[in-house]
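Data block for my_file_9.tsv (TSV, C-alpha atoms):
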```
chain	number	residue	atom	x	y	z
A	147	MET	CA	84.37	-105.51	-110.49
A	148	ALA	CA	85.13	-104.01	-113.91
A	149	THR	CA	87.97	-105.94	-115.60
A	150	LYS	CA	87.88	-104.96	-119.28
A	151	SER	CA	91.16	-103.48	-120.52
A	152	THR	CA	90.65	-100.24	-122.44
A	153	GLN	CA	93.09	-97.80	-124.02
A	154	GLY	CA	94.25	-94.46	-122.66
A	155	GLY	CA	92.13	-91.53	-123.82
A	156	GLU	CA	89.60	-93.91	-125.36
A	157	PHE	CA	86.78	-92.36	-123.31
A	158	LEU	CA	87.03	-89.27	-125.55
A	159	ILE	CA	86.14	-91.07	-128.77
A	160	LYS	CA	84.32	-94.26	-127.80
A	161	GLU	CA	81.18	-95.13	-125.92
A	162	THR	CA	81.91	-96.91	-122.65
A	163	ASP	CA	79.64	-99.52	-121.10
A	164	ALA	CA	78.60	-98.65	-117.56
A	165	GLN	CA	79.70	-102.04	-116.24
A	166	ASP	CA	83.24	-101.35	-117.48
A	167	ILE	CA	83.63	-98.29	-115.23
A	168	PHE	CA	84.94	-98.99	-111.74
A	169	ILE	CA	83.25	-97.24	-108.82
A	170	PRO	CA	84.39	-97.14	-105.16
A	171	ALA	CA	81.45	-99.33	-104.12
A	172	GLU	CA	83.29	-102.23	-105.80
A	173	PHE	CA	86.26	-102.20	-103.43
A	174	THR	CA	86.65	-105.56	-101.68
A	175	GLU	CA	86.37	-106.18	-97.95
A	176	GLU	CA	90.16	-106.49	-97.71
A	177	GLN	CA	90.63	-103.13	-99.41
A	178	ARG	CA	88.05	-101.51	-97.14
A	179	MET	CA	89.78	-102.92	-94.07
A	180	MET	CA	93.10	-101.47	-95.24
A	181	ALA	CA	91.44	-98.10	-95.82
A	182	GLN	CA	89.90	-98.20	-92.33
A	183	ALA	CA	93.28	-99.01	-90.78
A	184	CYS	CA	94.70	-96.00	-92.59
A	185	GLN	CA	91.84	-93.78	-91.35
A	186	ASP	CA	92.32	-95.02	-87.79
A	187	PHE	CA	96.02	-94.17	-88.07
A	188	ILE	CA	95.18	-90.61	-89.16
A	189	ASP	CA	92.59	-90.18	-86.40
A	190	THR	CA	95.00	-91.44	-83.74
A	191	GLU	CA	98.44	-90.25	-84.80
A	192	ILE	CA	97.95	-87.19	-87.00
A	193	THR	CA	94.72	-85.24	-86.51
A	194	PRO	CA	95.26	-84.63	-82.76
A	195	ARG	CA	98.80	-83.40	-83.48
A	196	ALA	CA	98.22	-81.48	-86.71
A	197	GLN	CA	99.31	-78.10	-85.32
A	198	GLU	CA	102.33	-79.67	-83.63
A	199	ILE	CA	103.33	-81.31	-86.91
A	200	ASP	CA	103.03	-78.05	-88.86
A	201	SER	CA	105.04	-76.12	-86.28
A	202	MET	CA	108.05	-78.45	-86.90
A	203	LYS	CA	109.32	-77.61	-83.42
A	204	ASP	CA	110.06	-81.27	-82.71
A	205	PRO	CA	112.30	-82.65	-85.50
A	206	ASP	CA	111.67	-86.23	-84.33
A	207	LEU	CA	107.87	-86.06	-84.48
A	208	VAL	CA	107.25	-86.68	-88.20
A	209	PRO	CA	109.95	-89.38	-88.47
A	210	SER	CA	108.36	-91.19	-85.51
A	211	ILE	CA	104.89	-91.03	-87.11
A	212	PHE	CA	106.44	-92.17	-90.39
A	213	LYS	CA	107.87	-95.28	-88.73
A	214	LYS	CA	104.47	-96.08	-87.19
A	215	ALA	CA	102.97	-95.94	-90.68
A	216	GLY	CA	105.62	-98.44	-91.73
A	217	ASP	CA	104.73	-100.75	-88.85
A	218	LEU	CA	101.12	-100.80	-90.09
A	219	GLY	CA	102.21	-101.71	-93.62
A	220	LEU	CA	101.05	-98.41	-95.11
A	221	LEU	CA	104.44	-97.69	-96.71
A	222	GLY	CA	104.58	-100.93	-98.66
A	223	ILE	CA	101.10	-101.23	-100.17
A	224	THR	CA	102.29	-102.13	-103.70
A	225	VAL	CA	105.72	-103.50	-102.79
A	226	PRO	CA	105.67	-107.29	-103.40
A	227	GLU	CA	105.58	-109.52	-100.33
A	228	GLU	CA	109.01	-111.00	-101.11
A	229	TYR	CA	110.47	-107.53	-100.52
A	230	GLY	CA	108.64	-106.87	-97.26
A	231	GLY	CA	105.52	-105.18	-98.66
A	232	MET	CA	101.80	-105.94	-98.87
A	233	GLY	CA	101.75	-106.79	-102.59
A	234	MET	CA	98.40	-105.10	-103.16
A	235	SER	CA	96.94	-103.73	-106.40
A	236	PHE	CA	97.42	-100.37	-108.08
A	237	ASN	CA	93.90	-99.19	-107.30
A	238	THR	CA	94.42	-100.15	-103.65
A	239	SER	CA	97.38	-97.78	-103.58
A	240	MET	CA	95.07	-95.13	-105.00
A	241	LEU	CA	92.60	-95.81	-102.18
A	242	ILE	CA	95.28	-95.41	-99.50
A	243	ALA	CA	96.56	-92.23	-101.16
A	244	ASP	CA	92.95	-90.99	-101.02
A	245	ILE	CA	92.57	-91.65	-97.30
A	246	ILE	CA	96.00	-90.28	-96.41
A	247	GLY	CA	95.01	-87.06	-98.21
A	248	ALA	CA	93.21	-86.00	-95.03
A	249	ALA	CA	96.53	-86.10	-93.16
A	250	GLY	CA	97.62	-82.62	-94.24
A	251	SER	CA	101.39	-82.20	-94.40
A	252	PHE	CA	101.99	-85.87	-93.68
A	253	SER	CA	100.33	-86.79	-96.99
A	254	THR	CA	103.28	-85.13	-98.76
A	255	THR	CA	105.76	-87.03	-96.59
A	256	TYR	CA	103.91	-90.25	-97.35
A	257	GLY	CA	103.54	-89.63	-101.08
A	258	ALA	CA	107.17	-88.65	-101.61
A	259	HIS	CA	108.39	-91.81	-99.90
A	260	THR	CA	105.98	-94.39	-101.30
A	261	GLY	CA	105.90	-92.88	-104.79
A	262	ILE	CA	108.92	-91.13	-106.22
A	263	GLY	CA	111.19	-92.39	-103.42
A	264	THR	CA	110.41	-96.11	-103.63
A	265	LEU	CA	109.02	-96.81	-107.11
A	266	PRO	CA	112.21	-96.12	-109.10
A	267	ILE	CA	113.86	-99.05	-107.29
A	268	LEU	CA	110.76	-101.23	-107.50
A	269	TYR	CA	110.36	-100.71	-111.26
A	270	TYR	CA	113.95	-100.23	-112.44
A	271	GLY	CA	116.18	-101.79	-109.79
A	272	SER	CA	118.21	-104.94	-110.23
A	273	GLU	CA	117.25	-107.94	-108.13
A	274	GLU	CA	120.15	-107.17	-105.80
A	275	GLN	CA	119.05	-103.55	-105.41
A	276	LYS	CA	115.46	-104.58	-104.72
A	277	LYS	CA	116.48	-107.10	-102.07
A	278	LYS	CA	118.81	-104.61	-100.41
A	279	TYR	CA	116.60	-101.52	-100.31
A	280	LEU	CA	112.90	-102.32	-100.71
A	281	PRO	CA	112.44	-104.12	-97.35
A	282	LYS	CA	113.91	-101.09	-95.56
A	283	LEU	CA	111.64	-98.70	-97.47
A	284	ALA	CA	108.49	-100.82	-97.21
A	285	THR	CA	108.75	-101.13	-93.43
A	286	GLY	CA	109.78	-97.54	-92.72
A	287	GLU	CA	113.20	-98.52	-91.41
A	288	TRP	CA	114.53	-96.08	-94.01
A	289	ALA	CA	112.91	-92.96	-95.48
A	290	ALA	CA	113.45	-92.01	-99.12
A	291	CYS	CA	113.52	-88.82	-101.16
A	292	TYR	CA	113.81	-87.97	-104.86
A	293	CYS	CA	116.44	-85.51	-106.08
A	294	LEU	CA	115.63	-84.26	-109.58
A	295	THR	CA	114.83	-80.52	-109.50
A	296	GLU	CA	117.67	-77.99	-109.66
A	297	PRO	CA	117.74	-74.16	-109.67
A	298	ASP	CA	117.82	-74.17	-113.49
A	299	ALA	CA	116.15	-77.53	-114.11
A	300	GLY	CA	112.50	-77.90	-113.15
A	301	SER	CA	110.03	-78.79	-115.88
A	302	ASP	CA	113.08	-79.07	-118.17
A	303	ALA	CA	114.45	-81.81	-115.96
A	304	ASN	CA	117.00	-83.13	-118.46
A	305	SER	CA	118.91	-79.83	-118.34
A	306	GLY	CA	120.22	-80.62	-114.84
A	307	LYS	CA	123.85	-79.77	-114.16
A	308	THR	CA	124.64	-82.26	-111.37
A	309	LYS	CA	127.62	-84.31	-112.52
A	310	ALA	CA	128.76	-87.88	-111.87
A	311	THR	CA	132.46	-88.53	-112.40
A	312	LEU	CA	133.93	-92.03	-112.44
A	313	SER	CA	136.92	-92.62	-110.17
A	314	GLU	CA	140.28	-93.68	-111.62
A	315	ASP	CA	139.83	-97.24	-110.38
A	316	GLY	CA	136.43	-97.43	-112.10
A	317	LYS	CA	134.60	-98.50	-108.93
A	318	THR	CA	132.95	-95.29	-107.72
A	319	TYR	CA	131.07	-92.31	-109.12
A	320	HIS	CA	131.48	-88.96	-107.38
A	321	LEU	CA	128.42	-86.71	-107.46
A	322	ASN	CA	128.69	-82.93	-107.46
A	323	GLY	CA	125.73	-80.59	-107.73
A	324	GLN	CA	122.71	-78.97	-106.11
A	325	LYS	CA	119.10	-80.11	-105.84
A	326	MET	CA	116.21	-78.04	-104.52
A	327	TRP	CA	112.69	-78.46	-103.11
A	328	ILE	CA	113.45	-82.02	-102.05
A	329	SER	CA	110.60	-83.49	-99.99
A	330	ASN	CA	111.70	-85.65	-97.00
A	331	ALA	CA	115.33	-84.58	-97.41
A	332	GLY	CA	115.64	-83.59	-93.76
A	333	PHE	CA	115.25	-87.13	-92.45
A	334	ALA	CA	115.85	-89.29	-95.53
A	335	ASP	CA	118.22	-92.24	-95.39
A	336	LEU	CA	118.14	-92.86	-99.14
A	337	PHE	CA	118.28	-90.42	-102.06
A	338	ILE	CA	117.21	-91.15	-105.63
A	339	VAL	CA	119.57	-88.80	-107.48
A	340	PHE	CA	119.72	-87.79	-111.14
A	341	ALA	CA	123.01	-86.64	-112.65
A	342	LYS	CA	124.87	-86.58	-115.96
A	343	ILE	CA	128.01	-88.62	-116.58
A	344	GLU	CA	130.65	-86.71	-118.51
A	345	ASP	CA	129.05	-85.07	-121.54
A	346	ASP	CA	126.03	-87.38	-121.77
A	347	LYS	CA	122.90	-85.94	-123.32
A	348	ASN	CA	120.58	-87.65	-120.85
A	349	LEU	CA	120.50	-88.10	-117.09
A	350	THR	CA	121.58	-91.22	-115.23
A	351	CYS	CA	119.93	-92.28	-111.97
A	352	PHE	CA	121.74	-93.33	-108.79
A	353	ILE	CA	120.70	-94.84	-105.45
A	354	VAL	CA	122.55	-92.84	-102.81
A	355	GLU	CA	122.69	-93.73	-99.14
A	356	LYS	CA	123.07	-90.82	-96.73
A	357	SER	CA	125.86	-92.75	-95.04
A	358	PHE	CA	127.98	-92.47	-98.22
A	359	GLY	CA	128.93	-88.94	-97.10
A	360	GLY	CA	129.45	-85.77	-99.11
A	361	ILE	CA	125.84	-84.64	-98.58
A	362	THR	CA	124.94	-81.30	-96.97
A	363	MET	CA	121.67	-79.36	-96.78
A	364	ASN	CA	120.22	-75.93	-96.27
A	365	GLU	CA	117.75	-75.28	-93.47
A	366	GLU	CA	114.10	-76.31	-93.88
A	367	GLU	CA	112.18	-74.22	-96.40
A	368	LYS	CA	109.46	-71.93	-95.02
A	369	LYS	CA	106.39	-72.78	-97.07
A	370	MET	CA	102.89	-71.34	-97.47
A	371	GLY	CA	101.34	-74.76	-96.96
A	372	ILE	CA	102.32	-78.36	-96.17
A	373	LYS	CA	104.45	-76.81	-93.45
A	374	GLY	CA	104.96	-80.03	-91.52
A	375	SER	CA	106.73	-81.80	-94.39
A	376	SER	CA	110.49	-81.57	-94.73
A	377	THR	CA	111.66	-79.61	-97.80
A	378	ARG	CA	115.33	-78.74	-98.24
A	379	GLN	CA	118.04	-77.94	-100.73
A	380	VAL	CA	120.55	-80.78	-101.00
A	381	PHE	CA	124.20	-80.39	-102.00
A	382	PHE	CA	126.41	-83.22	-103.23
A	383	ASN	CA	130.11	-82.55	-102.70
A	384	ASP	CA	132.21	-85.40	-104.10
A	385	CYS	CA	129.56	-87.79	-102.78
A	386	PRO	CA	130.93	-91.30	-103.46
A	387	VAL	CA	128.49	-93.77	-104.98
A	388	PRO	CA	129.49	-97.40	-105.71
A	389	LEU	CA	129.27	-98.45	-109.34
A	390	GLU	CA	126.59	-101.02	-108.46
A	391	ASN	CA	124.31	-98.22	-107.21
A	392	MET	CA	123.59	-96.92	-110.68
A	393	LEU	CA	119.86	-97.48	-111.18
A	394	SER	CA	119.07	-99.11	-114.53
A	395	ASP	CA	121.35	-98.18	-117.46
A	396	ARG	CA	123.48	-95.16	-118.15
A	397	GLN	CA	121.43	-92.27	-119.61
A	398	ASN	CA	118.17	-94.03	-118.68
A	399	GLY	CA	117.52	-91.52	-115.89
A	400	PHE	CA	115.33	-89.21	-117.92
A	401	LYS	CA	113.07	-92.12	-118.88
A	402	ILE	CA	112.88	-93.15	-115.21
A	403	ALA	CA	111.98	-89.59	-114.17
A	404	VAL	CA	109.25	-89.25	-116.80
A	405	ASN	CA	107.63	-92.60	-116.01
A	406	ILE	CA	107.77	-92.23	-112.23
A	407	LEU	CA	106.34	-88.70	-112.40
A	408	ASN	CA	103.56	-90.03	-114.62
A	409	ILE	CA	102.54	-92.36	-111.79
A	410	GLY	CA	102.85	-89.42	-109.42
A	411	ARG	CA	100.30	-87.42	-111.40
A	412	VAL	CA	97.43	-89.86	-110.98
A	413	LYS	CA	98.47	-90.56	-107.37
A	414	LEU	CA	98.37	-86.81	-106.68
A	415	GLY	CA	94.83	-86.78	-108.05
A	416	ALA	CA	93.82	-89.48	-105.56
A	417	GLY	CA	95.93	-87.83	-102.87
A	418	VAL	CA	93.65	-84.80	-102.61
A	419	LEU	CA	90.42	-86.75	-102.14
A	420	GLY	CA	90.71	-87.23	-98.39
A	421	GLY	CA	91.44	-83.54	-97.94
A	422	VAL	CA	88.58	-82.56	-100.22
A	423	ARG	CA	86.09	-84.59	-98.22
A	424	THR	CA	87.39	-83.23	-94.92
A	425	VAL	CA	87.14	-79.63	-96.08
A	426	THR	CA	83.64	-80.19	-97.46
A	427	THR	CA	82.50	-81.86	-94.23
A	428	ASN	CA	83.92	-79.03	-92.13
A	429	ALA	CA	82.28	-76.44	-94.38
A	430	ILE	CA	78.87	-78.10	-94.03
A	431	LYS	CA	79.28	-78.37	-90.28
A	432	TYR	CA	80.30	-74.73	-89.91
A	433	SER	CA	77.53	-73.45	-92.18
A	434	THR	CA	75.02	-75.34	-90.04
A	435	GLU	CA	76.33	-73.92	-86.77
A	436	ARG	CA	76.93	-70.34	-87.95
A	437	LYS	CA	73.79	-68.19	-87.46
A	438	GLN	CA	72.90	-64.90	-89.15
A	439	PHE	CA	69.50	-63.17	-89.17
A	440	GLY	CA	68.32	-65.92	-86.84
A	441	VAL	CA	68.99	-68.83	-89.19
A	442	SER	CA	71.90	-71.07	-90.18
A	443	ILE	CA	73.83	-69.59	-93.09
A	444	ASN	CA	73.42	-72.85	-95.04
A	445	SER	CA	69.85	-71.74	-95.69
A	446	PHE	CA	71.11	-68.88	-97.90
A	447	GLY	CA	71.25	-69.42	-101.65
A	448	ALA	CA	74.87	-68.28	-102.03
A	449	ILE	CA	76.09	-70.74	-99.37
A	450	LYS	CA	73.97	-73.56	-100.80
A	451	SER	CA	75.56	-72.89	-104.19
A	452	LYS	CA	79.08	-73.05	-102.76
A	453	LEU	CA	78.39	-76.29	-100.91
A	454	ALA	CA	76.81	-77.85	-103.98
A	455	GLU	CA	79.82	-76.86	-106.08
A	456	MET	CA	82.17	-78.45	-103.53
A	457	ALA	CA	80.16	-81.66	-103.48
A	458	ALA	CA	80.00	-81.84	-107.28
A	459	LYS	CA	83.74	-81.30	-107.71
A	460	SER	CA	84.48	-83.89	-105.04
A	461	TYR	CA	82.31	-86.42	-106.83
A	462	VAL	CA	83.99	-85.74	-110.17
A	463	ALA	CA	87.47	-86.05	-108.67
A	464	GLU	CA	86.67	-89.35	-107.01
A	465	ALA	CA	85.00	-90.80	-110.12
A	466	LEU	CA	87.91	-89.72	-112.31
A	467	CYS	CA	90.63	-91.15	-110.06
A	468	TYR	CA	89.14	-94.57	-109.41
A	469	ARG	CA	88.03	-95.07	-113.00
A	470	ALA	CA	91.57	-94.26	-114.16
A	471	GLY	CA	93.10	-96.36	-111.38
A	472	GLN	CA	91.13	-99.45	-112.32
A	473	ASP	CA	91.78	-98.91	-116.05
A	474	ILE	CA	95.51	-98.88	-115.24
A	475	GLU	CA	95.17	-102.00	-113.09
A	476	ASN	CA	93.25	-103.84	-115.80
A	477	LYS	CA	95.94	-102.96	-118.33
A	478	ILE	CA	98.67	-104.19	-115.97
A	479	ASN	CA	96.83	-107.49	-115.49
A	480	ALA	CA	96.35	-107.89	-119.25
A	481	LEU	CA	100.04	-107.28	-119.96
A	482	GLU	CA	101.11	-109.73	-117.25
A	483	ALA	CA	98.71	-112.32	-118.69
A	484	GLU	CA	100.51	-111.91	-122.01
A	485	GLY	CA	103.78	-112.82	-120.29
A	486	MET	CA	105.27	-109.38	-119.65
A	487	ASP	CA	107.54	-108.95	-116.62
A	488	PRO	CA	105.45	-107.55	-113.71
A	489	SER	CA	107.62	-104.45	-113.23
A	490	GLU	CA	107.53	-103.67	-116.94
A	491	ALA	CA	103.78	-104.31	-117.03
A	492	LYS	CA	103.19	-101.79	-114.24
A	493	LEU	CA	105.15	-99.12	-116.08
A	494	LYS	CA	103.44	-99.83	-119.40
A	495	GLY	CA	100.04	-99.95	-117.72
A	496	VAL	CA	100.43	-96.45	-116.34
A	497	GLU	CA	102.06	-95.18	-119.53
A	498	ALA	CA	99.04	-96.37	-121.53
A	499	PHE	CA	96.85	-93.98	-119.53
A	500	ALA	CA	99.16	-90.97	-119.47
A	501	ILE	CA	96.26	-88.76	-120.65
A	502	GLU	CA	94.11	-89.75	-117.69
A	503	CYS	CA	97.06	-89.30	-115.32
A	504	ALA	CA	97.57	-85.75	-116.53
A	505	ILE	CA	93.86	-84.94	-116.33
A	506	ALA	CA	93.69	-86.27	-112.75
A	507	LYS	CA	96.67	-84.18	-111.67
A	508	VAL	CA	95.32	-80.95	-113.15
A	509	GLN	CA	91.64	-81.35	-112.37
A	510	CYS	CA	91.86	-82.78	-108.87
A	511	SER	CA	94.75	-80.78	-107.45
```
Structure encoded using structure tokens:
Amino acid sequence: MATKSTQGGEFLIKETDAQDIFIPAEFTEEQRMMAQACQDFIDTEITPRAQEIDSMKDPDLVPSIFKKAGDLGLLGITVPEEYGGMGMSFNTSMLIADIIGAAGSFSTTYGAHTGIGTLPILYYGSEEQKKKYLPKLATGEWAACYCLTEPDAGSDANSGKTKATLSEDGKTYHLNGQKMWISNAGFADLFIVFAKIEDDKNLTCFIVEKSFGGITMNEEEKKMGIKGSSTRQVFFNDCPVPLENMLSDRQNGFKIAVNILNIGRVKLGAGVLGGVRTVTTNAIKYSTERKQFGVSINSFGAIKSKLAEMAAKSYVAEALCYRAGQDIENKINALEAEGMDPSEAKLKGVEAFAIECAIAKVQCS
């Protein structure tokens, strides 16, 4: 397996030895077994019920499937074992994101929870916060969502207007504001919420339990795709949050958002691979079965060209994601070997390959 630590964007200006590029054939037996367990889960729990999931007629269906994923360990791939997870590597999480990509709407449910819902606590939480929340998230006992986007704050995330006001006794913050397009909001138990304290320039991040109260929502959004995933507007109306539920330091929220979304970009690249393969396989199957002029349409030049283009793009996406994933993992390992705290090393490892993360997000999605 390739282990050499390179620098982000280095592939643009420097020759790379072939042996330093990771390819999927190098995944270990343990990683392959985890991937197969994930595929079996999709084949058993999701594919036969895909239309039912997208109809959203049964509000308990997706949460029940979500909990089954937790029972299998799929929600805690990179969460350390001491917090109830599997403690597996970064590139293993890329592999599972790849496989789950064939799960349609559920892949969004999965990605929102395991990525932007869980990682802020894993990377920025205090030891007390990690012990309290990560076991619930890793096992699927609780579902998480990430509340950053607002009607006037999307790409310009730091312009959000949600406010956090400290109570007179100094023990509680009260959140007031609106968030929109929040994945998993409909059944989430925990909300990662970004707000500004007083006249601060930058956002602060809070861990908010649904049980705190003061949280209301609009009905489910009607979407063009990913219809079976919950997406709602969330309103905070004097939502009380204990002082100890501030995540990291005051005004560090924007940094948290940027770094977590950076991880999300490369994970989104991997997260389309399963879908890409499924679509390509279905296209080949259909073009073989569909007859015109007495022959299968896959014998026509135009169809051959389309299938070849699909195969080529699939190959490029896969090569890009796993090369970047292993480069990130190698960097993480190198930083930990130098004595850096594991959580900090994971953040710095991804940050070092921000260029590749962005390329993966744009090219693959």
Straight-line distance linking CA of Thr152 (chain A) with CA of Ile169 (chain A), stated in Å to one decimal: 15.8 Å
Applying 12 Å and all atoms listed in the file, which residues near Glu296 (chain A) remain after dropping the ones on its own chain fewer than 4 positions away? List them as a ChimeraX atom specification. /A:292,300-308,323-328,339-341,378-381
Which of these, A:Thr295, A:Asn330, A:Thr311, A:Asn237, has the shortest distance to Cys385 (chain A) once you count all atoms listed in the file? A:Thr311
Applying 9 Å and only C-alpha atoms, which residues near region 425-442 of chain A remain after dropping the ones on its own chain fewer than 3 positions away? List them as number ranges by chain. A: 248, 420-422, 445-446, 449, 453, 456-457, 460
Pick the closest to Ser251 (chain A) from A:Ile501, A:Ala483, A:Met392, A:Met202: which is it, counting all atoms listed in the file? A:Met202
Which residue of A:Ser489, A:Ser210, A:Thr264, A:Ser511 approaches Ala416 (chain A) most closely, using only C-alpha atoms: A:Ser511
Per residue of region 356-410 of chain A within 12 Å of region 490-497 of chain A, what are the shortest atom pair and its distance in Å to one decimal, counting only C-alpha atoms, with rows by chain and residue number, as a tab-separated table?
```
residue	atom	partner	partner_atom	distance
A:Lys401	CA	A:Leu493	CA	10.9
A:Ile402	CA	A:Leu493	CA	9.8
A:Ala403	CA	A:Leu493	CA	11.9
A:Val404	CA	A:Glu497	CA	9.7
A:Asn405	CA	A:Leu493	CA	7.0
A:Ile406	CA	A:Leu493	CA	8.3
A:Leu407	CA	A:Val496	CA	10.5
A:Asn408	CA	A:Glu497	CA	7.3
A:Ile409	CA	A:Val496	CA	6.5
A:Gly410	CA	A:Val496	CA	10.2
```
Suppose you want the space between CA of Ile242 (chain A) and CA of Tyr461 (chain A); what is it in Å?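 Pair CA of Ile242 (chain A) / CA of Tyr461 (chain A) returns 17.4 Å.
Across the structure, CA of Leu241 (chain A) and CA of Leu280 (chain A) are spaced 21.4 Å apart.
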Skipping near chain neighbours, those fewer than 3 positions away, what residues fall within 8 Å of Leu389 (chain A) using all atoms listed in the file, listed as a list in words?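 Neighbouring residues, sequence-local ones excluded: Gly316, Lys317, Thr318, Tyr319 and Met392 of chain A.
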To test the calculation: enclose all listed atoms of region 480-499 of chain A in a box whose edges run along x, y and z, add 4 Å on each side, then state centre and edge lengths in Å to one decimal, as AutoDock Vina command-line options.
```
--center_x 102.0 --center_y -103.4 --center_z -117.6 --size_x 19.3 --size_y 26.8 --size_z 16.8
```
Selected residue of minimal separation from Gln397 (chain A) among A:Met363, A:Met240, A:Ile474, A:Ala310, counting all atoms listed in the file: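 The answer is A:Ala310, which sits nearest to Gln397 (chain A).
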Can you tell me which residues surround Asn322 (chain A) at a distance of at most 6 Å, considering all atoms listed in the file, apart from same-chain residues fewer than 5 positions away, and format the answer as a PyMOL selection string? chain A and resi 308-309+382-384
Could you model N, CA and C atoms for region 151-165 of chain A and present them as an mmCIF file, in the coordinates of the input?
```cif
data_model
loop_
_atom_site.group_PDB
_atom_site.id
_atom_site.type_symbol
_atom_site.label_atom_id
_atom_site.label_comp_id
_atom_site.auth_asym_id
_atom_site.auth_seq_id
_atom_site.Cartn_x
_atom_site.Cartn_y
_atom_site.Cartn_z
ATOM 1 N N SER A 151 90.011 -104.357 -120.263
ATOM 2 C CA SER A 151 91.160 -103.480 -120.520
ATOM 3 C C SER A 151 90.840 -102.549 -121.671
ATOM 4 N N THR A 152 90.892 -101.236 -121.408
ATOM 5 C CA THR A 152 90.650 -100.240 -122.440
ATOM 6 C C THR A 152 91.967 -99.554 -122.781
ATOM 7 N N GLN A 153 91.902 -98.547 -123.632
ATOM 8 C CA GLN A 153 93.090 -97.800 -124.020
ATOM 9 C C GLN A 153 93.026 -96.389 -123.454
ATOM 10 N N GLY A 154 94.190 -95.808 -123.198
ATOM 11 C CA GLY A 154 94.250 -94.460 -122.660
ATOM 12 C C GLY A 154 93.606 -93.444 -123.594
ATOM 13 N N GLY A 155 92.794 -92.564 -123.039
ATOM 14 C CA GLY A 155 92.130 -91.530 -123.820
ATOM 15 C C GLY A 155 90.950 -92.018 -124.635
ATOM 16 N N GLU A 156 90.659 -93.313 -124.550
ATOM 17 C CA GLU A 156 89.600 -93.910 -125.360
ATOM 18 C C GLU A 156 88.226 -93.344 -125.004
ATOM 19 N N PHE A 157 88.078 -92.893 -123.749
ATOM 20 C CA PHE A 157 86.780 -92.360 -123.310
ATOM 21 C C PHE A 157 86.363 -91.135 -124.130
ATOM 22 N N LEU A 158 87.327 -90.475 -124.774
ATOM 23 C CA LEU A 158 87.030 -89.270 -125.550
ATOM 24 C C LEU A 158 86.348 -89.583 -126.889
ATOM 25 N N ILE A 159 86.594 -90.771 -127.407
ATOM 26 C CA ILE A 159 86.140 -91.070 -128.770
ATOM 27 C C ILE A 159 85.255 -92.311 -128.865
ATOM 28 N N LYS A 160 85.052 -92.996 -127.756
ATOM 29 C CA LYS A 160 84.320 -94.260 -127.800
ATOM 30 C C LYS A 160 83.330 -94.355 -126.667
ATOM 31 N N GLU A 161 82.164 -94.895 -126.958
ATOM 32 C CA GLU A 161 81.180 -95.130 -125.920
ATOM 33 C C GLU A 161 81.691 -96.191 -124.948
ATOM 34 N N THR A 162 81.450 -95.977 -123.668
ATOM 35 C CA THR A 162 81.910 -96.910 -122.650
ATOM 36 C C THR A 162 80.711 -97.524 -121.932
ATOM 37 N N ASP A 163 80.707 -98.846 -121.824
ATOM 38 C CA ASP A 163 79.640 -99.520 -121.100
ATOM 39 C C ASP A 163 79.751 -99.214 -119.610
ATOM 40 N N ALA A 164 78.606 -98.997 -118.981
ATOM 41 C CA ALA A 164 78.600 -98.650 -117.560
ATOM 42 C C ALA A 164 79.294 -99.702 -116.707
ATOM 43 N N GLN A 165 79.114 -100.976 -117.056
ATOM 44 C CA GLN A 165 79.700 -102.040 -116.240
ATOM 45 C C GLN A 165 81.228 -102.089 -116.349
#
```
